[in-house]
Structure formats: structure tokens, C-alpha cells
>>> print(open('protein_9.cif').read())   # mmCIF, C-alpha atoms
data_coords
#
loop_
_atom_site.label_atom_id
_atom_site.label_comp_id
_atom_site.auth_asym_id
_atom_site.auth_seq_id
_atom_site.Cartn_x
_atom_site.Cartn_y
_atom_site.Cartn_z
CA MET A 112 -3.12 -34.29 -16.45
CA ILE A 113 -3.81 -33.28 -12.88
CA PRO A 114 -4.08 -36.40 -10.73
CA PHE A 115 -4.75 -34.54 -7.49
CA SER A 116 -7.69 -32.61 -8.77
CA GLU A 117 -9.74 -31.95 -11.85
CA PRO A 118 -9.50 -28.57 -13.59
CA PHE A 119 -11.77 -26.01 -11.98
CA SER A 120 -15.31 -25.90 -13.32
CA GLU A 121 -16.56 -22.64 -14.84
CA ASP A 122 -18.47 -21.79 -11.64
CA GLU A 123 -15.49 -22.64 -9.44
CA ARG A 124 -13.30 -20.33 -11.52
CA LYS A 125 -15.99 -17.68 -11.34
CA GLY A 126 -15.92 -18.04 -7.55
CA ILE A 127 -12.26 -17.20 -7.16
CA TYR A 128 -12.48 -14.24 -9.57
CA ARG A 129 -15.65 -12.98 -7.87
CA ALA A 130 -13.89 -13.09 -4.50
CA ILE A 131 -10.93 -11.17 -5.94
CA TYR A 132 -12.99 -8.51 -7.76
CA GLU A 133 -15.78 -8.13 -5.19
CA ARG A 134 -13.59 -8.14 -2.08
CA ARG A 135 -13.70 -4.77 -0.32
CA ASP A 136 -11.84 -3.10 2.54
CA VAL A 137 -14.97 -2.58 4.63
CA ARG A 138 -15.19 0.28 7.10
CA SER A 139 -18.73 1.62 6.86
CA HIS A 140 -21.16 -1.23 6.28
CA PHE A 141 -20.85 -3.68 9.19
CA LEU A 142 -23.97 -5.24 10.72
CA ALA A 143 -24.23 -6.36 14.36
CA GLN A 144 -25.29 -9.87 13.26
CA PRO A 145 -22.93 -12.38 14.95
CA VAL A 146 -20.47 -14.46 12.97
CA PRO A 147 -21.15 -18.16 13.65
CA ASP A 148 -18.20 -20.09 15.07
CA ASP A 149 -18.14 -22.57 12.18
CA VAL A 150 -17.90 -19.74 9.64
CA LEU A 151 -15.13 -18.06 11.64
CA MET A 152 -13.24 -21.35 11.83
CA ARG A 153 -13.56 -21.82 8.06
CA ILE A 154 -11.92 -18.48 7.31
CA LEU A 155 -9.21 -19.03 9.97
CA ASP A 156 -8.46 -22.42 8.45
CA ALA A 157 -8.23 -20.75 5.04
CA ALA A 158 -5.67 -18.34 6.52
CA HIS A 159 -3.74 -21.26 8.03
CA HIS A 160 -3.45 -22.80 4.56
CA ALA A 161 -1.54 -19.84 3.15
CA PRO A 162 1.93 -20.44 1.73
CA SER A 163 4.77 -19.89 4.19
CA VAL A 164 8.52 -19.80 3.73
CA GLY A 165 9.95 -23.23 4.54
CA PHE A 166 6.43 -24.24 5.72
CA MET A 167 7.17 -22.04 8.77
CA GLN A 168 3.52 -21.10 9.52
CA PRO A 169 4.65 -18.08 11.54
CA TRP A 170 1.14 -16.78 12.23
CA ASP A 171 -1.12 -16.64 15.27
CA PHE A 172 -4.73 -15.45 15.38
CA ILE A 173 -6.16 -13.44 18.26
CA VAL A 174 -9.97 -13.42 18.02
CA ILE A 175 -11.45 -10.39 19.80
CA ARG A 176 -15.12 -10.02 20.58
CA ASP A 177 -14.97 -8.40 24.05
CA PRO A 178 -16.40 -4.87 23.71
CA ALA A 179 -13.94 -3.57 26.33
CA VAL A 180 -10.95 -4.74 24.29
CA ARG A 181 -12.44 -3.35 21.09
CA ARG A 182 -13.10 -0.05 22.90
CA ALA A 183 -9.43 0.18 23.92
CA VAL A 184 -8.34 -0.49 20.32
CA PHE A 185 -10.87 2.05 19.04
CA GLU A 186 -9.42 4.70 21.35
CA ASN A 187 -5.96 3.81 20.08
CA PHE A 188 -7.23 4.24 16.51
CA THR A 189 -8.90 7.57 17.33
CA ARG A 190 -5.66 9.04 18.68
CA ALA A 191 -3.56 7.62 15.84
CA ASN A 192 -6.03 8.92 13.26
CA ALA A 193 -6.01 12.42 14.77
CA GLY A 194 -2.23 12.41 14.39
CA ALA A 195 -2.40 11.11 10.83
CA ALA A 196 -4.99 13.74 9.86
CA GLU A 197 -2.52 16.50 10.70
CA SER A 198 -0.41 15.67 7.67
CA TYR A 199 -3.20 16.86 5.37
CA ALA A 200 -4.33 20.45 4.75
CA GLY A 201 -7.10 22.33 2.98
CA ASP A 202 -9.51 20.33 0.84
CA GLN A 203 -7.50 17.16 1.29
CA ARG A 204 -7.82 17.50 5.07
CA LYS A 205 -11.59 17.96 4.72
CA GLN A 206 -11.76 14.91 2.48
CA TYR A 207 -9.64 12.88 4.92
CA ASP A 208 -11.77 13.87 7.89
CA ALA A 209 -14.91 12.78 6.03
CA LEU A 210 -13.55 9.26 5.46
CA LYS A 211 -14.54 6.47 7.81
CA LEU A 212 -11.39 4.41 8.21
CA ALA A 213 -12.26 1.65 10.68
CA GLY A 214 -15.20 -0.40 11.90
CA ILE A 215 -13.64 -1.59 15.17
CA LEU A 216 -16.75 -1.14 17.31
CA GLU A 217 -19.37 -2.05 14.71
CA ALA A 218 -17.78 -5.27 13.46
CA PRO A 219 -18.71 -8.10 15.87
CA VAL A 220 -15.35 -9.82 15.42
CA ASN A 221 -11.93 -8.21 15.42
CA LEU A 222 -8.88 -10.30 14.60
CA CYS A 223 -5.20 -9.63 15.09
CA ILE A 224 -2.87 -11.71 12.92
CA THR A 225 0.70 -11.84 14.19
CA CYS A 226 4.09 -13.09 13.00
CA ASP A 227 6.48 -15.03 15.25
CA HIS A 228 9.94 -14.43 13.75
CA ALA A 229 11.49 -17.07 16.03
CA ARG A 230 9.12 -19.94 15.27
CA HIS A 231 11.34 -22.91 14.71
CA LYS A 232 9.07 -24.55 12.14
CA GLY A 233 10.69 -24.63 8.71
CA ALA A 234 14.21 -24.71 10.18
CA GLY A 235 15.04 -21.40 8.49
CA LEU A 236 14.57 -22.72 4.95
CA GLY A 237 14.33 -19.78 2.50
CA ARG A 238 14.85 -17.13 5.17
CA LYS A 239 18.61 -16.66 4.97
CA THR A 240 18.49 -14.53 1.82
CA SER A 241 15.10 -12.98 2.47
CA PRO A 242 14.42 -12.41 6.17
CA MET A 243 11.19 -10.52 5.47
CA THR A 244 9.55 -13.68 4.13
CA ASP A 245 8.06 -14.57 7.51
CA LEU A 246 6.11 -11.30 7.41
CA TYR A 247 5.22 -11.90 3.77
CA SER A 248 3.89 -15.37 4.67
CA THR A 249 1.71 -13.84 7.35
CA VAL A 250 0.26 -11.38 4.84
CA CYS A 251 -0.57 -14.29 2.52
CA ALA A 252 -2.62 -15.68 5.41
CA VAL A 253 -4.45 -12.35 5.74
CA GLN A 254 -5.31 -12.36 2.04
CA ASN A 255 -6.51 -15.98 2.11
CA LEU A 256 -8.82 -15.09 4.99
CA TRP A 257 -10.04 -11.96 3.24
CA LEU A 258 -11.02 -13.83 0.07
CA ALA A 259 -12.64 -16.73 1.93
CA ALA A 260 -14.57 -14.18 4.00
CA ARG A 261 -15.91 -12.59 0.82
CA ALA A 262 -17.24 -15.95 -0.34
CA GLU A 263 -18.96 -16.24 3.07
CA SER A 264 -20.53 -12.77 2.53
CA LEU A 265 -18.37 -11.43 5.36
CA GLY A 266 -16.75 -8.03 5.06
CA VAL A 267 -13.20 -7.46 6.29
CA GLY A 268 -11.45 -4.16 6.96
CA TRP A 269 -7.70 -3.89 7.63
CA VAL A 270 -6.93 -1.14 10.15
CA SER A 271 -3.41 0.20 9.69
CA ILE A 272 -3.97 3.48 11.55
CA LEU A 273 -3.01 2.29 15.03
CA ASP A 274 -0.17 2.72 17.48
CA PHE A 275 1.05 -0.86 17.14
CA ASP A 276 3.16 -0.76 20.30
CA GLU A 277 0.08 0.19 22.26
CA LEU A 278 -1.96 -2.48 20.44
CA LYS A 279 0.57 -5.11 21.49
CA GLN A 280 0.26 -3.97 25.11
CA THR A 281 -3.53 -4.10 24.95
CA LEU A 282 -3.48 -7.61 23.51
CA GLU A 283 -0.53 -8.73 25.70
CA ILE A 284 1.45 -9.74 22.62
CA PRO A 285 5.03 -10.66 23.59
CA GLU A 286 7.70 -8.20 22.52
CA PRO A 287 9.40 -10.25 19.76
CA ILE A 288 6.09 -10.98 17.97
CA THR A 289 4.97 -8.56 15.21
CA ALA A 290 1.31 -7.55 15.01
CA VAL A 291 0.94 -7.63 11.22
CA ALA A 292 -2.76 -7.01 10.67
CA TYR A 293 -5.69 -5.80 12.76
CA LEU A 294 -8.90 -6.80 10.99
CA CYS A 295 -12.58 -5.97 11.53
CA ILE A 296 -14.88 -8.78 10.40
CA GLY A 297 -18.65 -9.02 10.09
CA TYR A 298 -21.65 -9.30 7.82
CA VAL A 299 -22.36 -6.13 5.86
CA SER A 300 -25.29 -4.12 4.56
CA GLU A 301 -23.60 -3.99 1.15
CA PHE A 302 -20.37 -4.51 -0.71
CA LEU A 303 -19.58 -1.39 -2.73
CA ALA A 304 -19.16 -1.75 -6.48
CA ARG A 305 -15.73 -0.10 -6.28
CA PRO A 306 -13.21 0.40 -3.45
CA GLU A 307 -14.50 2.96 -0.97
CA LEU A 308 -11.46 5.24 -1.49
CA GLU A 309 -12.22 5.20 -5.22
CA GLU A 310 -15.96 5.80 -4.70
CA LYS A 311 -15.18 8.76 -2.47
CA GLY A 312 -12.68 10.31 -4.85
CA TRP A 313 -9.56 9.80 -2.72
CA GLU A 314 -7.68 7.88 -5.41
CA THR A 315 -8.16 6.30 -8.85
CA ARG A 316 -7.17 2.87 -10.13
CA GLU A 317 -4.01 2.81 -12.22
CA ALA A 318 -4.27 1.14 -15.65
CA LEU A 319 -2.77 -2.34 -15.42
CA ALA A 320 -0.82 -1.85 -18.67
CA ASN A 321 1.16 0.93 -17.01
CA LEU A 322 2.39 -1.51 -14.36
CA ILE A 323 3.64 -4.31 -16.61
CA HIS A 324 7.26 -4.48 -17.76
CA PHE A 325 8.82 -7.11 -20.00
CA GLU A 326 12.14 -8.87 -19.32
CA ARG A 327 13.53 -5.86 -17.38
CA TRP A 328 12.28 -2.75 -15.63
CA GLY A 329 11.33 -0.18 -18.30
CA ALA A 330 10.01 3.32 -18.58
CA GLN A 331 6.28 3.24 -18.01
CA GLY A 332 5.12 6.19 -20.05
CA ASP A 333 2.19 8.09 -18.67
CA ARG A 334 1.87 6.37 -15.32
CA LYS A 335 0.43 8.69 -12.72
CA MET B 12 -29.10 -7.78 1.56
CA ILE B 13 -26.19 -7.41 -0.80
CA PRO B 14 -27.18 -5.06 -3.62
CA PHE B 15 -23.83 -5.27 -5.42
CA SER B 16 -23.83 -9.00 -5.71
CA GLU B 17 -25.74 -12.11 -4.79
CA PRO B 18 -24.34 -14.48 -2.17
CA PHE B 19 -21.87 -16.91 -3.66
CA SER B 20 -23.36 -20.11 -5.06
CA GLU B 21 -22.20 -23.41 -3.60
CA ASP B 22 -19.88 -24.01 -6.55
CA GLU B 23 -18.48 -20.48 -6.39
CA ARG B 24 -17.70 -20.97 -2.69
CA LYS B 25 -16.17 -24.32 -3.51
CA GLY B 26 -13.97 -22.56 -6.08
CA ILE B 27 -12.37 -20.19 -3.60
CA TYR B 28 -11.80 -22.94 -1.01
CA ARG B 29 -10.40 -25.28 -3.67
CA ALA B 30 -7.95 -22.57 -4.75
CA ILE B 31 -6.89 -22.03 -1.13
CA TYR B 32 -6.51 -25.73 -0.23
CA GLU B 33 -5.12 -26.97 -3.55
CA ARG B 34 -2.66 -24.11 -4.15
CA ARG B 35 0.92 -25.34 -4.01
CA ASP B 36 4.38 -23.78 -3.99
CA VAL B 37 5.50 -25.52 -7.16
CA ARG B 38 9.15 -26.28 -7.79
CA SER B 39 9.30 -29.71 -9.38
CA HIS B 40 6.35 -30.14 -11.72
CA PHE B 41 6.48 -27.42 -14.39
CA LEU B 42 5.71 -28.24 -18.01
CA ALA B 43 7.20 -26.36 -20.97
CA GLN B 44 3.70 -25.65 -22.37
CA PRO B 45 3.44 -21.86 -22.93
CA VAL B 46 1.11 -19.69 -20.86
CA PRO B 47 -1.30 -17.89 -23.22
CA ASP B 48 -1.23 -14.09 -23.00
CA ASP B 49 -4.91 -13.84 -22.07
CA VAL B 50 -4.44 -16.22 -19.14
CA LEU B 51 -1.36 -14.31 -17.99
CA MET B 52 -3.28 -11.04 -18.18
CA ARG B 53 -6.13 -12.51 -16.12
CA ILE B 54 -3.84 -13.46 -13.25
CA LEU B 55 -1.99 -10.12 -13.44
CA ASP B 56 -5.31 -8.29 -13.30
CA ALA B 57 -6.26 -10.41 -10.28
CA ALA B 58 -3.02 -9.27 -8.62
CA HIS B 59 -3.79 -5.65 -9.51
CA HIS B 60 -7.13 -5.97 -7.69
CA ALA B 61 -5.48 -6.75 -4.35
CA PRO B 62 -6.17 -4.44 -1.42
CA SER B 63 -3.61 -1.67 -0.96
CA VAL B 64 -3.09 0.84 1.82
CA GLY B 65 -4.79 4.10 0.86
CA PHE B 66 -5.46 2.54 -2.59
CA MET B 67 -1.73 3.09 -3.21
CA GLN B 68 -1.29 0.21 -5.68
CA PRO B 69 2.49 0.16 -5.07
CA TRP B 70 3.19 -2.86 -7.27
CA ASP B 71 4.82 -3.37 -10.66
CA PHE B 72 5.04 -6.61 -12.60
CA ILE B 73 8.13 -7.64 -14.60
CA VAL B 74 7.23 -10.54 -16.90
CA ILE B 75 10.30 -12.59 -17.80
CA ARG B 76 10.35 -15.18 -20.57
CA ASP B 77 13.84 -14.58 -22.05
CA PRO B 78 15.93 -17.72 -21.35
CA ALA B 79 19.07 -15.58 -20.93
CA VAL B 80 17.48 -13.55 -18.13
CA ARG B 81 16.13 -16.70 -16.47
CA ARG B 82 19.58 -18.28 -16.77
CA ALA B 83 21.13 -15.28 -14.95
CA VAL B 84 18.53 -15.56 -12.18
CA PHE B 85 19.05 -19.31 -11.97
CA GLU B 86 22.80 -18.80 -11.48
CA ASN B 87 22.00 -16.26 -8.76
CA PHE B 88 19.75 -18.87 -7.10
CA THR B 89 22.39 -21.60 -7.40
CA ARG B 90 24.99 -19.49 -5.57
CA ALA B 91 22.51 -18.30 -2.93
CA ASN B 92 21.31 -21.84 -2.35
CA ALA B 93 24.85 -23.17 -1.93
CA GLY B 94 25.37 -20.53 0.77
CA ALA B 95 22.05 -21.37 2.45
CA ALA B 96 22.84 -25.10 2.44
CA GLU B 97 25.91 -24.48 4.59
CA SER B 98 23.73 -23.68 7.60
CA TYR B 99 22.58 -27.31 7.74
CA ALA B 100 24.59 -30.35 8.82
CA GLY B 101 24.27 -34.13 8.92
CA ASP B 102 20.95 -35.65 7.94
CA GLN B 103 19.29 -32.25 7.71
CA ARG B 104 21.94 -31.17 5.20
CA LYS B 105 21.30 -34.31 3.14
CA GLN B 106 17.58 -33.66 3.28
CA TYR B 107 18.09 -30.00 2.28
CA ASP B 108 20.33 -30.92 -0.66
CA ALA B 109 17.68 -33.35 -1.92
CA LEU B 110 14.99 -30.66 -2.06
CA LYS B 111 14.29 -28.92 -5.34
CA LEU B 112 13.65 -25.32 -4.36
CA ALA B 113 13.07 -23.43 -7.62
CA GLY B 114 11.76 -23.97 -11.15
CA ILE B 115 13.33 -20.88 -12.73
CA LEU B 116 14.44 -22.56 -15.95
CA GLU B 117 11.56 -25.01 -16.33
CA ALA B 118 8.69 -22.58 -15.78
CA PRO B 119 8.02 -20.74 -19.06
CA VAL B 120 7.10 -17.51 -17.28
CA ASN B 121 8.96 -15.89 -14.41
CA LEU B 122 7.49 -12.82 -12.72
CA CYS B 123 9.04 -10.29 -10.40
CA ILE B 124 6.56 -8.29 -8.31
CA THR B 125 7.99 -5.10 -6.86
CA CYS B 126 6.97 -2.40 -4.38
CA ASP B 127 7.47 1.31 -5.05
CA HIS B 128 7.63 2.91 -1.59
CA ALA B 129 7.48 6.41 -3.11
CA ARG B 130 4.42 5.94 -5.30
CA HIS B 131 2.30 8.98 -4.67
CA LYS B 132 -1.03 7.19 -5.14
CA GLY B 133 -2.99 7.06 -1.90
CA ALA B 134 -1.38 10.27 -0.61
CA GLY B 135 0.11 8.38 2.34
CA LEU B 136 -3.24 7.35 3.81
CA GLY B 137 -2.73 4.60 6.41
CA ARG B 138 1.04 4.57 6.06
CA LYS B 139 2.01 7.00 8.83
CA THR B 140 1.50 4.48 11.64
CA SER B 141 2.39 1.41 9.63
CA PRO B 142 5.09 2.08 7.03
CA MET B 143 5.38 -1.61 6.12
CA THR B 144 1.87 -1.61 4.67
CA ASP B 145 3.11 -0.87 1.16
CA LEU B 146 5.05 -4.14 1.26
CA TYR B 147 2.08 -5.91 2.81
CA SER B 148 -0.15 -4.62 -0.02
CA THR B 149 2.29 -5.99 -2.58
CA VAL B 150 2.18 -9.41 -0.91
CA CYS B 151 -1.63 -9.35 -1.11
CA ALA B 152 -1.17 -8.93 -4.88
CA VAL B 153 1.11 -11.97 -4.94
CA GLN B 154 -1.46 -14.07 -3.12
CA ASN B 155 -4.32 -12.93 -5.38
CA LEU B 156 -2.25 -13.97 -8.38
CA TRP B 157 -1.32 -17.30 -6.80
CA LEU B 158 -4.95 -18.24 -6.14
CA ALA B 159 -6.19 -17.08 -9.55
CA ALA B 160 -3.36 -19.08 -11.12
CA ARG B 161 -4.51 -22.21 -9.29
CA ALA B 162 -7.99 -21.80 -10.75
CA GLU B 163 -6.35 -21.55 -14.19
CA SER B 164 -4.46 -24.83 -13.48
CA LEU B 165 -1.20 -22.84 -13.38
CA GLY B 166 1.41 -23.65 -10.77
CA VAL B 167 3.33 -20.86 -9.04
CA GLY B 168 6.53 -21.12 -7.01
CA TRP B 169 7.91 -18.27 -4.89
CA VAL B 170 11.73 -18.21 -4.93
CA SER B 171 13.11 -16.55 -1.83
CA ILE B 172 16.61 -18.02 -2.07
CA LEU B 173 18.19 -15.27 -4.18
CA ASP B 174 20.66 -12.45 -3.74
CA PHE B 175 18.05 -9.73 -4.16
CA ASP B 176 20.59 -6.96 -4.79
CA GLU B 177 21.95 -8.96 -7.70
CA LEU B 178 18.41 -9.73 -8.90
CA LYS B 179 17.66 -6.00 -8.99
CA GLN B 180 20.79 -5.41 -11.07
CA THR B 181 19.85 -8.20 -13.49
CA LEU B 182 16.33 -6.81 -13.92
CA GLU B 183 17.51 -3.16 -13.87
CA ILE B 184 15.17 -2.37 -11.00
CA PRO B 185 15.82 1.17 -9.67
CA GLU B 186 17.47 1.34 -6.25
CA PRO B 187 14.50 2.62 -4.19
CA ILE B 188 12.16 -0.12 -5.46
CA THR B 189 11.92 -3.36 -3.44
CA ALA B 190 11.80 -6.69 -5.29
CA VAL B 191 9.21 -8.44 -3.09
CA ALA B 192 8.58 -11.70 -4.91
CA TYR B 193 10.23 -13.70 -7.67
CA LEU B 194 7.72 -16.21 -9.02
CA CYS B 195 7.96 -19.15 -11.43
CA ILE B 196 4.71 -19.74 -13.32
CA GLY B 197 3.57 -22.48 -15.64
CA TYR B 198 1.31 -25.45 -16.24
CA VAL B 199 2.23 -28.49 -14.16
CA SER B 200 2.28 -32.28 -14.45
CA GLU B 201 0.49 -32.47 -11.10
CA PHE B 202 -0.46 -30.55 -7.99
CA LEU B 203 0.67 -32.49 -4.93
CA ALA B 204 -1.96 -33.48 -2.37
CA ARG B 205 0.06 -31.78 0.39
CA PRO B 206 2.77 -29.08 0.41
CA GLU B 207 6.02 -30.46 -1.03
CA LEU B 208 7.94 -29.69 2.18
CA GLU B 209 5.33 -31.71 4.10
CA GLU B 210 5.38 -34.58 1.57
CA LYS B 211 9.16 -34.74 1.81
CA GLY B 212 9.23 -34.71 5.59
CA TRP B 213 10.87 -31.30 6.03
CA GLU B 214 8.08 -29.93 8.23
CA THR B 215 4.60 -30.78 9.53
CA ARG B 216 1.46 -28.66 9.63
CA GLU B 217 0.67 -27.13 13.02
CA ALA B 218 -2.85 -27.78 14.41
CA LEU B 219 -4.96 -24.67 13.84
CA ALA B 220 -6.33 -24.82 17.40
CA ASN B 221 -2.81 -24.23 18.72
CA LEU B 222 -2.63 -20.92 16.84
CA ILE B 223 -5.89 -19.36 17.99
CA HIS B 224 -6.07 -17.08 21.02
CA PHE B 225 -9.13 -15.36 22.44
CA GLU B 226 -9.32 -11.70 23.46
CA ARG B 227 -5.59 -11.55 24.29
CA TRP B 228 -2.41 -13.49 23.60
CA GLY B 229 -2.44 -16.64 25.72
CA ALA B 230 -0.31 -19.67 26.43
CA GLN B 231 -0.74 -22.14 23.59
CA GLY B 232 -0.09 -25.44 25.35
CA ASP B 233 1.63 -28.08 23.31
CA ARG B 234 2.45 -26.03 20.24
CA LYS B 235 5.58 -27.31 18.56
#
>>> encode(input="protein_9.cif", output="C-alpha cells")
Amino acid sequence: MIPFSEPFSEDERKGIYRAIYERRDVRSHFLAQPVPDDVLMRILDAAHHAPSVGFMQPWDFIVIRDPAVRRAVFENFTRANAGAAESYAGDQRKQYDALKLAGILEAPVNLCITCDHARHKGAGLGRKTSPMTDLYSTVCAVQNLWLAARAESLGVGWVSILDFDELKQTLEIPEPITAVAYLCIGYVSEFLARPELEEKGWETREALANLIHFERWGAQGDRK
Amino acid sequence: MIPFSEPFSEDERKGIYRAIYERRDVRSHFLAQPVPDDVLMRILDAAHHAPSVGFMQPWDFIVIRDPAVRRAVFENFTRANAGAAESYAGDQRKQYDALKLAGILEAPVNLCITCDHARHKGAGLGRKTSPMTDLYSTVCAVQNLWLAARAESLGVGWVSILDFDELKQTLEIPEPITAVAYLCIGYVSEFLARPELEEKGWETREALANLIHFERWGAQGDRK
């Protein structure tokens, strides 16, 4: 018996699984079409309802639409990506260079989600034994937003190829705050049927069975 | 136009928002009722379809049902929680001691989700500038599972009050692997209308407006 809420209907269950299976890390398919404020607020509120250690809610959201700010972040990305490319050689380097890895300028909304390690909310509950849990909570907020965005037909791309110290300077983020995620958000021309890195042959999906252990960690056979 | 998939129906959208708003960190309301294998596999597959940096898929899943293993983890929790309680005094200590913070023995399934920092999948893409992204990817898997579980009427509780070195020994997790999340999973007698820590007066929810900045980090007024 579930007094707070009825079991999910078949279509409601389908919705959550569709969001999970059809969510993509979008880099190539953003449209210029603006994101209405009410839609943006819905996905931010979804993020704000993520779990957090001790109910700490350590996140902040910096919404970036200003082309000048996005240009600065794009230049940061371009330099960081040139550095990252140098670790690949031969065919892998060619393949890397052909990948599009960020939609900073094309996506009409960029969003930086941060973690305030010193936020007093939660009074430290749960953090003594696991100090990383404030960062983990912030990532839960990212994933809530990502899935809600999918249900709103919005694509989201997480840009990890950045000089994060420089990003913090650009966005005037105080020193003790961690910039966890830099996201590009917008409507898209399409959602790919498979992850873009899979479509383009960069990597394959592991079989789930190779990742499941029972009772204790065990040898996982032919895992790649 | 979205060739891969139609826009979400109203009920499908409702499903994802219900999962987000009605998800709870469950500690007190687990039922002994077993979790069928097919349901467990659905939520594990949802976790496996989380985003991951470079399509690295750094996660593993250790499914724990053995009461002896759960008992060992519960004893770990009990010691860790006694240590954590010592940081509170007076009324706050009384309030802390009255909280139930884990359902390790009551939940029929426990699940440890780990991160393999050395997994070669993804060939390091995206990790040069942001080495924490393998952990972040693993947390996205946790949140996917948590939301899918909610749609299956399964409660999930994340236990962060553990000696994680001891947990790794108990579960025979190799040294270089990080145990990111220890979860208790099972059907529940109820989902609370609000987070348990809010219901019990430990902490309040911040107003979303106080957490949103525009273009750059800005003063946030009366944020608590």
C-alpha cells in the first residue's frame, strides 16, 4: 500500500524508461530555438529535487545565455581540447579530431552546476565518513536535470574538456566552490538512436552481465 | 523534428517528474517482500544506461542478498554511526540519535556500485581535464537506478555512514576500485510526502530562486 501515491501507470513507467534509454550526450544537434523560461525552470526544479547527503542541497545553478560568456568558455574548451588531442596518435588521433565534443556556442543555454562544500545545510549528516558525498549529490542533480530535459525534448551535453580553474575565473565562482558540470542545453534536430561515441565507433557498450557480481566482487570472465 | 522518437506524451512526462518528485531516500519503510529478478535487472540496466565520460562505463554492481554479508555491513554502519553521532551535542544529538539512517538488514537487496578508475573503455576521452568524471559517471548510474526503482515502486536508500575501507574488505573489492554507493533496495510500506530529514525537522528545503545565478556567480541575498 502506498498512501502517498498510486503505483505508476504503464505510460508513466514508460516515461521514465524512455528518458533513461533515449537520453543522449548531445554535441552536434543543437538548434538555435530559445528555451522558454518556464521549461528551464522545470528542469532546474527537477535538479533541485535530487537527493543530497543530510539534505544539504550543496548545488548552485549559473544560467548562461550571454554570447560573450559562451565565447570565452568556447575558447577555453578549444585550448583544452587541443591539449587533450595530443595524447592520441595515428588513427585514434584522426578519429578523435573528427569528433565534435561540445555545443557551447550552438546551444542557446549553457548551465554550470556547482558544489558548495561549506554549505551549512544538513549539519554535516552523512559526510563524516564519506566527504565526497556533497559532490555526488550535485551529480545526482545533474542527472535529474538531464532526464527531465529529455522528457521536454531538450538535449543536454556535459562538457568535461575545460580548464576548470579558468572556467571559475570566467564565471567569477568563488575559490572554495567546485564547478562540477558545464552543460549545453537546447532543442535538437534529432536524438541519435545510440550514444554518439558508439555511433562513431569510439567505444562499444559493455554487456550488463559482465558488470554484475553477487555477494562479493568476483572474476568477471570476458569483460573487455 | 525528432526522427528517433516522438515527443513524450503527457503521461510519459508525468512519469519522469513523478519519479523525480516522489523519489525518497528510504531508511524506515522497507518490507521483506522479495525483489523479483526481472525487476532488479530492469533497474540495473537503467543504471548501465547512464551517461559516462568517453562512454567509459566505469561501474560495477555487487548485488548482496546474503544476510551474513548484510549483517557485517550493518555492524560497520553501527560503529561508523556511533562515531558520527559524537560530533553532535545537546538537542541536535538527541535529534540525530532518533533518526534511522539505514535499512541494511530490512531491505532484501543491498547493492554496492563501484567505479573502476583504470577501465580502459573510452580511451581516456574527456578525463584529462576532469579526472573526477569517472566518479561522476558512476553517480549518474546511481541516480538512473534510483529513479527507475521509484517507477517500480521500489524504495532506495543511500548509506554514506560506513567505513568504506572496511566495506571494501567485506565485499573483497580490489584496492584501486572505489566503492561509490552502498544502496538498500526493497518494496516499502509508504513513500513519505517529503524527504524524511525534512519531515523530521533536521533540515528545510532551500528556495530554488536563491540557488540560481545569471551569466556569472552573484550574491544570493537571503540564502540560508
>>> atom_distance(input="protein_9.cif", atom1="atom CA of Gln203 of chain A", atom2="atom CA of Lys139 of chain B")
15.8 Å
>>> residues_around(input="protein_9.cif", residues="Glu117 of chain B", least_positions_apart="6", cutoff="10 Å", atoms="all atoms listed in the file", output="MDAnalysis selection string")
chainID B and resid 38:44 78 81 195:197
>>> resolve_selection(input="protein_9.cif", expression="the PyMOL selection byres ((chain A) within 6 of (chain B))", output="PyMOL selection string")
chain A and resi 113+115+119+122-124+126-127+171-175+233+237+240-241+251+254+262+271-272+282-284+301-302+304+314+322-328
>>> write_last_selection(input="protein_9.cif", atoms="C-alpha atoms", output="PDB file, in the coordinates of the input")
ATOM      1  CA  ILE A 113      -3.810 -33.280 -12.880  1.00  0.00           C
ATOM      2  CA  PHE A 115      -4.750 -34.540  -7.490  1.00  0.00           C
ATOM      3  CA  PHE A 119     -11.770 -26.010 -11.980  1.00  0.00           C
ATOM      4  CA  ASP A 122     -18.470 -21.790 -11.640  1.00  0.00           C
ATOM      5  CA  GLU A 123     -15.490 -22.640  -9.440  1.00  0.00           C
ATOM      6  CA  ARG A 124     -13.300 -20.330 -11.520  1.00  0.00           C
ATOM      7  CA  GLY A 126     -15.920 -18.040  -7.550  1.00  0.00           C
ATOM      8  CA  ILE A 127     -12.260 -17.200  -7.160  1.00  0.00           C
ATOM      9  CA  ASP A 171      -1.120 -16.640  15.270  1.00  0.00           C
ATOM     10  CA  PHE A 172      -4.730 -15.450  15.380  1.00  0.00           C
ATOM     11  CA  ILE A 173      -6.160 -13.440  18.260  1.00  0.00           C
ATOM     12  CA  VAL A 174      -9.970 -13.420  18.020  1.00  0.00           C
ATOM     13  CA  ILE A 175     -11.450 -10.390  19.800  1.00  0.00           C
ATOM     14  CA  GLY A 233      10.690 -24.630   8.710  1.00  0.00           C
ATOM     15  CA  GLY A 237      14.330 -19.780   2.500  1.00  0.00           C
ATOM     16  CA  THR A 240      18.490 -14.530   1.820  1.00  0.00           C
ATOM     17  CA  SER A 241      15.100 -12.980   2.470  1.00  0.00           C
ATOM     18  CA  CYS A 251      -0.570 -14.290   2.520  1.00  0.00           C
ATOM     19  CA  GLN A 254      -5.310 -12.360   2.040  1.00  0.00           C
ATOM     20  CA  ALA A 262     -17.240 -15.950  -0.340  1.00  0.00           C
ATOM     21  CA  SER A 271      -3.410   0.200   9.690  1.00  0.00           C
ATOM     22  CA  ILE A 272      -3.970   3.480  11.550  1.00  0.00           C
ATOM     23  CA  LEU A 282      -3.480  -7.610  23.510  1.00  0.00           C
ATOM     24  CA  GLU A 283      -0.530  -8.730  25.700  1.00  0.00           C
ATOM     25  CA  ILE A 284       1.450  -9.740  22.620  1.00  0.00           C
ATOM     26  CA  GLU A 301     -23.600  -3.990   1.150  1.00  0.00           C
ATOM     27  CA  PHE A 302     -20.370  -4.510  -0.710  1.00  0.00           C
ATOM     28  CA  ALA A 304     -19.160  -1.750  -6.480  1.00  0.00           C
ATOM     29  CA  GLU A 314      -7.680   7.880  -5.410  1.00  0.00           C
ATOM     30  CA  LEU A 322       2.390  -1.510 -14.360  1.00  0.00           C
ATOM     31  CA  ILE A 323       3.640  -4.310 -16.610  1.00  0.00           C
ATOM     32  CA  HIS A 324       7.260  -4.480 -17.760  1.00  0.00           C
ATOM     33  CA  PHE A 325       8.820  -7.110 -20.000  1.00  0.00           C
ATOM     34  CA  GLU A 326      12.140  -8.870 -19.320  1.00  0.00           C
ATOM     35  CA  ARG A 327      13.530  -5.860 -17.380  1.00  0.00           C
ATOM     36  CA  TRP A 328      12.280  -2.750 -15.630  1.00  0.00           C
TER      37      TRP A 328
END
>>> atom_distance(input="protein_9.cif", atom1="atom CA of Gly166 of chain B", atom2="atom CA of Glu210 of chain B")
17.0 Å
>>> atom_distance(input="protein_9.cif", atom1="atom CA of Leu116 of chain B", atom2="atom CA of Glu86 of chain B")
10.2 Å
